[in-house]
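The structure appears right after this line, and notes come after that.
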Amino acid sequence: MRRLETEILVIGGGATGAGVVWDAALRGFDAILVERRDLCHGTSGRFHGLLHSGGRYVVKDPVSAAECIHENRILRKTHAHCIEDTGGFFVVTPEDEDSDYPERFRQGCADTGVPCEEIPAALALKQEPRLNPRISRVFRVPDASIDGFQMVHSTVQAAREAGARIFTYHEVIDLLMRGGEGDRRVTGVRVRDAARDEEVEIHAAMVINAAGAWAGKIAAMAGIRVEIVPGKGIMMATAHRLVHTVINRCKWPSDGDILVPAHTVSIIGTTDTPVADPEDLRIEDWEIRKMLEEGEKLVPGFMRTRMLRVWAGVRPLYKETAVTDDRDISRKFALLDHQERDGVAGFITITGGKLTTFRLMAEKTVDRAAAYLGERKPCATAETPVPGARHGYYWLGHRLREVEDGRLQSQLICECELVTRGMLENAARHNPTIGLDDLRRDVRLGMGPCQGGFCTYRAVGVIHELKQGHAVTPAAVDSDWRAAEFQSPAVQPPSRAHAAEEAGYPDDLFNPNLLLRDFLQERWKGVMPILWGQQLKQEQLDRLIYLDIMNADHLPDAGLRSPLTDFYHMEVRGDASGEEPHD
Amino acid sequence: MTELLVIGAGLTGLMAAIAAARQGARTRIIATGMGSLLWTPGTIGVLGYLPGEDEPVQSPFDALDALRQRRPRHPFALLDAQTLRQSLDAFRELVQSLGLPYRGAEDGRNLLLPSPVGAPRPVFLAPAGQVDGHMGRPEPYLIVGFQALRDFYPTLIAENLTKLGLKARAEFLPIDLITRRRDFSPIDLARELDAADLSRLTNALKRVAKPGERIGLPAILGLKRHAAILATLREALDAPIFEIPTLPPSAPGMRLAEALRAHFELDLRGRMDLGLRAIDFRAENGKVAWVSTRASARPVRHWAQRFLLATGGILGGGIVGDPTGQVEEVIFHLPLNDAPQDRKQWFHRDFMGPTGHRIFLGGVRVNEAFQPVDAEGGVAYENLWAAGGLLADSDPIAERSLEGVAIATAFRAVQRMSEVTP
């Protein structure tokens, strides 16, 4: 069994875990992060992409609101390239008029320090002509759109550059414990390397549980009860951008009241359904109907808009006391020092909270760890830009400009999202590629209107040629590099001693047929619930390509499984439609 | 006056229009676009897989009974084997006469051709330029690609052919043998080869080929001069040469579509108008009087004695499904088969599972004369016929029967139509 040593071991490769490992490494701690799948595979990759101004919480949860605006200002500097400075509106639609909420909202903004300016509805409509013309009041706040994949990747890259080690596809199967009743200590973790199918022991002075909605399961391994109520929310992406500003309904937070511009699409969200298992990402038909109906109130015609995709994420809501409605469980984060709380040393859980406040959560967590391990340097995350931040805010046209300027010399593999062969090759060189989905999170492969119809085949072929030594772009062509850095700073060459240890998997684990099959199934999972009209026709074209032209349903190796196969084939709808045969 | 108005310009519409025009009927095609034939690899699939089965069909004709048992109202269940065979023979004679010969396996079974990922595609007829890829042939494969061609991956194809127990290897040639462009599709390359001196390409191929190998290339061997290019390469290399289809649009599909269109418009003096989306119709005394199409000022009416609906299924746009789960035929709102009107029942959770997806079985019900029928089985309109992808109880993509259904049902519909006087 492989055996590693470190000071701080972080469980979970979402925003919180990435923040913790970054903060710890900057302070000079030796740190390792383990994640059971890819970075951002969980909740941090399944949200609506909203960088909160705090406006949404000013009435309900003023403490969270103040935290949000504080962190919003910091992230605009440290993670500028992950953020599109869209600004946000809180709009009063005809349905929201008979309420005192707008006044409470305005007062709440004043009380919590969230900058808020009421502007004439006519001005807002000029800026966003597709908005419901019957809105009566509009408040402008500094909301923004943030790319969760890129934010986590950049943060992790910053951590790597500060000396941290990152192990994806390493699932914690047990905590290593020492001592008896009243004197127990967590001394590390046993993880399973999913790709190599072997176990690894990692010993650590402090284990930090940042597993989000899965944090309760990790704590249970130490015999500790941490009650997380996984709150499932769905999001839907439209085939193009309907608005360029974040649009919130100015009312008590509810289903389908936020519309966020994210890259080439708009995302509407969300719902809140308590689920027993954080892996339960089923999409219910009523949720889709709800999104369509609520979207229609913000943008007339929304119901007839072509939908690209739907997905669900699970909020890690920490339950302190008995409450009835999930939305009333605090969105404030919970830092649980298990030595104080449960008499188990060397173990801290950080959960709850929001993506917007991940840096603050990390700071408080590492503060607590340092109290046990001995102070090093002070927290530096608020003043340290991550790689890529020097490029400034993201803007929608940056890839197109790179392509048109001729700086991207290689061919477009994904025409919907302007992913070049160089970007793909660089990403595959530097990140372990268990599935094409890993590259999707890096470079937005397959996220456009054809949902992988054309690029899945191409990406499999490109990576196959790369593995066979037929790459077209040399490692890190400067121009491709720069564009890629925008999307995924992870493509920068690892420049540290640990590089070999964590770099990609051996080539004999690479099977193009599984990559193709699993990615097609992964895309199917997210389009199936919203297929109608044009997108249904698009899907038939994709079927023509992969069944009729490729015969990809009869490739060799059909019986083999990848570490992701089971996840992609699980139930995705709230009914048993998959079970009965046709005839 | 138009005697037959064909709505749809895919393989179904073109074959039906050609058959009718050859019988002397004044025939016209109207269509929204160029039809989905351009997206297909130009091969003729008749039946590659039976519903729910993973093993490919050896011979479509031997499997017809099993298909009829599982899908009693499948389009192939509405005609006999002899008619299916006649329609395919008629197709072969037609394309032979147009200089685009097609061949099948000598034993009447399906060919197994290498797909762009190296999986075996079961097809009944293939263009002469693809047929030498048949896995039943003994020669080892040499798959030749071009560096940086994003729609063709020779090492991937060769690796999967090897996994299937066949002997295969891959080579790359420099793309500047064909083009100096930076961004190009297989169609661009086919156009360049139409105009190119082939000696550089043949010399490069000679350098990499070993005696006894058959050479598989991406489907880029010309659009207009395909036959000449193929002959030149075969002669220069003295080896079997074959194309492997690429992502849509596909050169072999374009060659077939263009040959059929030119024959209809130039040889048969048929009229074809694209860019016309049919939106409405008028029926009088149980007959369709006209179909109207969208135009900038006001809808334009198209009168005819007979109408043939060949707008395709969901892929072609003849059938649409909406968010409430309703599935509809878009022009005449014809009654459909009992496809689920509940979106929850449309799909199976496995994208590529052998059961397919119920939604794609939804379609227009017809009688044995290929006339749409109402729920009671009566003819919907006396002068309306339907053929191709919009017919009920067939999932042509899963069955690999797309072209076979198009050819056979177009043939049969025109045959039955001509048995009655207008």
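FYI, nothing fancy with the structure tokens labels: chains A, B, ... in order, residues from 1 per chain, ligands from 1 as they appear.
Backbone DSSP over stretch 21-119 of chain A gives strand (DSSP E or B) for Ala31, Ile32, Leu33, Val34, Leu50, Leu51, Ile83, Glu84, Gly88, Phe89, Phe90, Val91, Val92, Glu117, Glu118 and Ile119 of chain A.
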Go ahead and save the picked residues with C-alpha atoms, as a PDB file, in the first residue's frame.
ATOM      1  CA  ALA A  31      -1.045  20.010   2.554  1.00  0.00           C
ATOM      2  CA  ILE A  32      -2.795  17.342   0.475  1.00  0.00           C
ATOM      3  CA  LEU A  33      -6.285  17.453  -1.003  1.00  0.00           C
ATOM      4  CA  VAL A  34      -8.152  14.274  -1.908  1.00  0.00           C
ATOM      5  CA  LEU A  50     -23.991  33.404  -9.254  1.00  0.00           C
ATOM      6  CA  LEU A  51     -21.435  35.413  -7.297  1.00  0.00           C
ATOM      7  CA  ILE A  83     -15.878  36.454 -12.918  1.00  0.00           C
ATOM      8  CA  GLU A  84     -17.955  38.272 -15.497  1.00  0.00           C
ATOM      9  CA  GLY A  88     -27.408  42.307 -10.908  1.00  0.00           C
ATOM     10  CA  PHE A  89     -31.000  43.518 -10.807  1.00  0.00           C
ATOM     11  CA  PHE A  90     -33.667  42.786  -8.232  1.00  0.00           C
ATOM     12  CA  VAL A  91     -36.901  43.317 -10.137  1.00  0.00           C
ATOM     13  CA  VAL A  92     -40.448  43.717  -8.852  1.00  0.00           C
ATOM     14  CA  GLU A 117     -29.390  51.664  -6.108  1.00  0.00           C
ATOM     15  CA  GLU A 118     -32.959  51.907  -7.323  1.00  0.00           C
ATOM     16  CA  ILE A 119     -33.047  52.724 -11.025  1.00  0.00           C
TER      17      ILE A 119
END
- Task: Excluding A:Asp111 and any residue of its chain fewer than 4 positions from it, enumerate the residues within 10 Å of it, using only C-alpha atoms, and give them as a ChimeraX atom specification.
- Result: /A:58-59,62,65-66,105-107
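When only C-alpha atoms are used to compute distances to B:Glu3, the closest of the residues B:Arg68, B:Ile178, B:Glu243, B:Ala25 turns out to be B:Ala25.
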- Query: Near stretch 156-172 of chain B, within 7 Å and counting only C-alpha atoms, which residues show up once chain neighbours fewer than 6 positions away are dropped, as an MDAnalysis selection string?
  - Reply: (chainID A and resid 461 464 556) or (chainID B and resid 116:119 140:147)
May I have the residues from that selection written out with C-alpha atoms, as a PDB file, in the first residue's frame?
ATOM      1  CA  GLY A 461      -9.767  10.857 -31.370  1.00  0.00           C
ATOM      2  CA  HIS A 464      -6.120   8.861 -28.566  1.00  0.00           C
ATOM      3  CA  PRO A 556     -15.315  -3.446 -28.563  1.00  0.00           C
TER       4      PRO A 556
ATOM      5  CA  PRO B 116     -15.267   6.258 -38.112  1.00  0.00           C
ATOM      6  CA  VAL B 117     -14.446   4.659 -34.737  1.00  0.00           C
ATOM      7  CA  GLY B 118     -13.717   1.266 -36.254  1.00  0.00           C
ATOM      8  CA  ALA B 119     -16.944  -0.449 -35.193  1.00  0.00           C
ATOM      9  CA  PRO B 140      -5.333  -6.423 -43.897  1.00  0.00           C
ATOM     10  CA  TYR B 141      -6.343  -2.803 -43.366  1.00  0.00           C
ATOM     11  CA  LEU B 142      -4.142   0.237 -43.744  1.00  0.00           C
ATOM     12  CA  ILE B 143      -6.077   3.227 -42.419  1.00  0.00           C
ATOM     13  CA  VAL B 144      -4.579   6.453 -43.708  1.00  0.00           C
ATOM     14  CA  GLY B 145      -5.409   9.783 -42.119  1.00  0.00           C
ATOM     15  CA  PHE B 146      -4.180  13.298 -42.500  1.00  0.00           C
ATOM     16  CA  GLN B 147      -2.472  15.228 -39.768  1.00  0.00           C
TER      17      GLN B 147
END
- DSSP on the backbone: what in stretch 153-204 of chain A comes out helix (DSSP H, G or I), as a ChimeraX atom specification? /A:153-161
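Among the candidates B:Leu4, B:Leu79, B:Ile397, B:Met272, the residue lying nearest to B:Ala20 is B:Leu4 (atoms considered: only C-alpha atoms).
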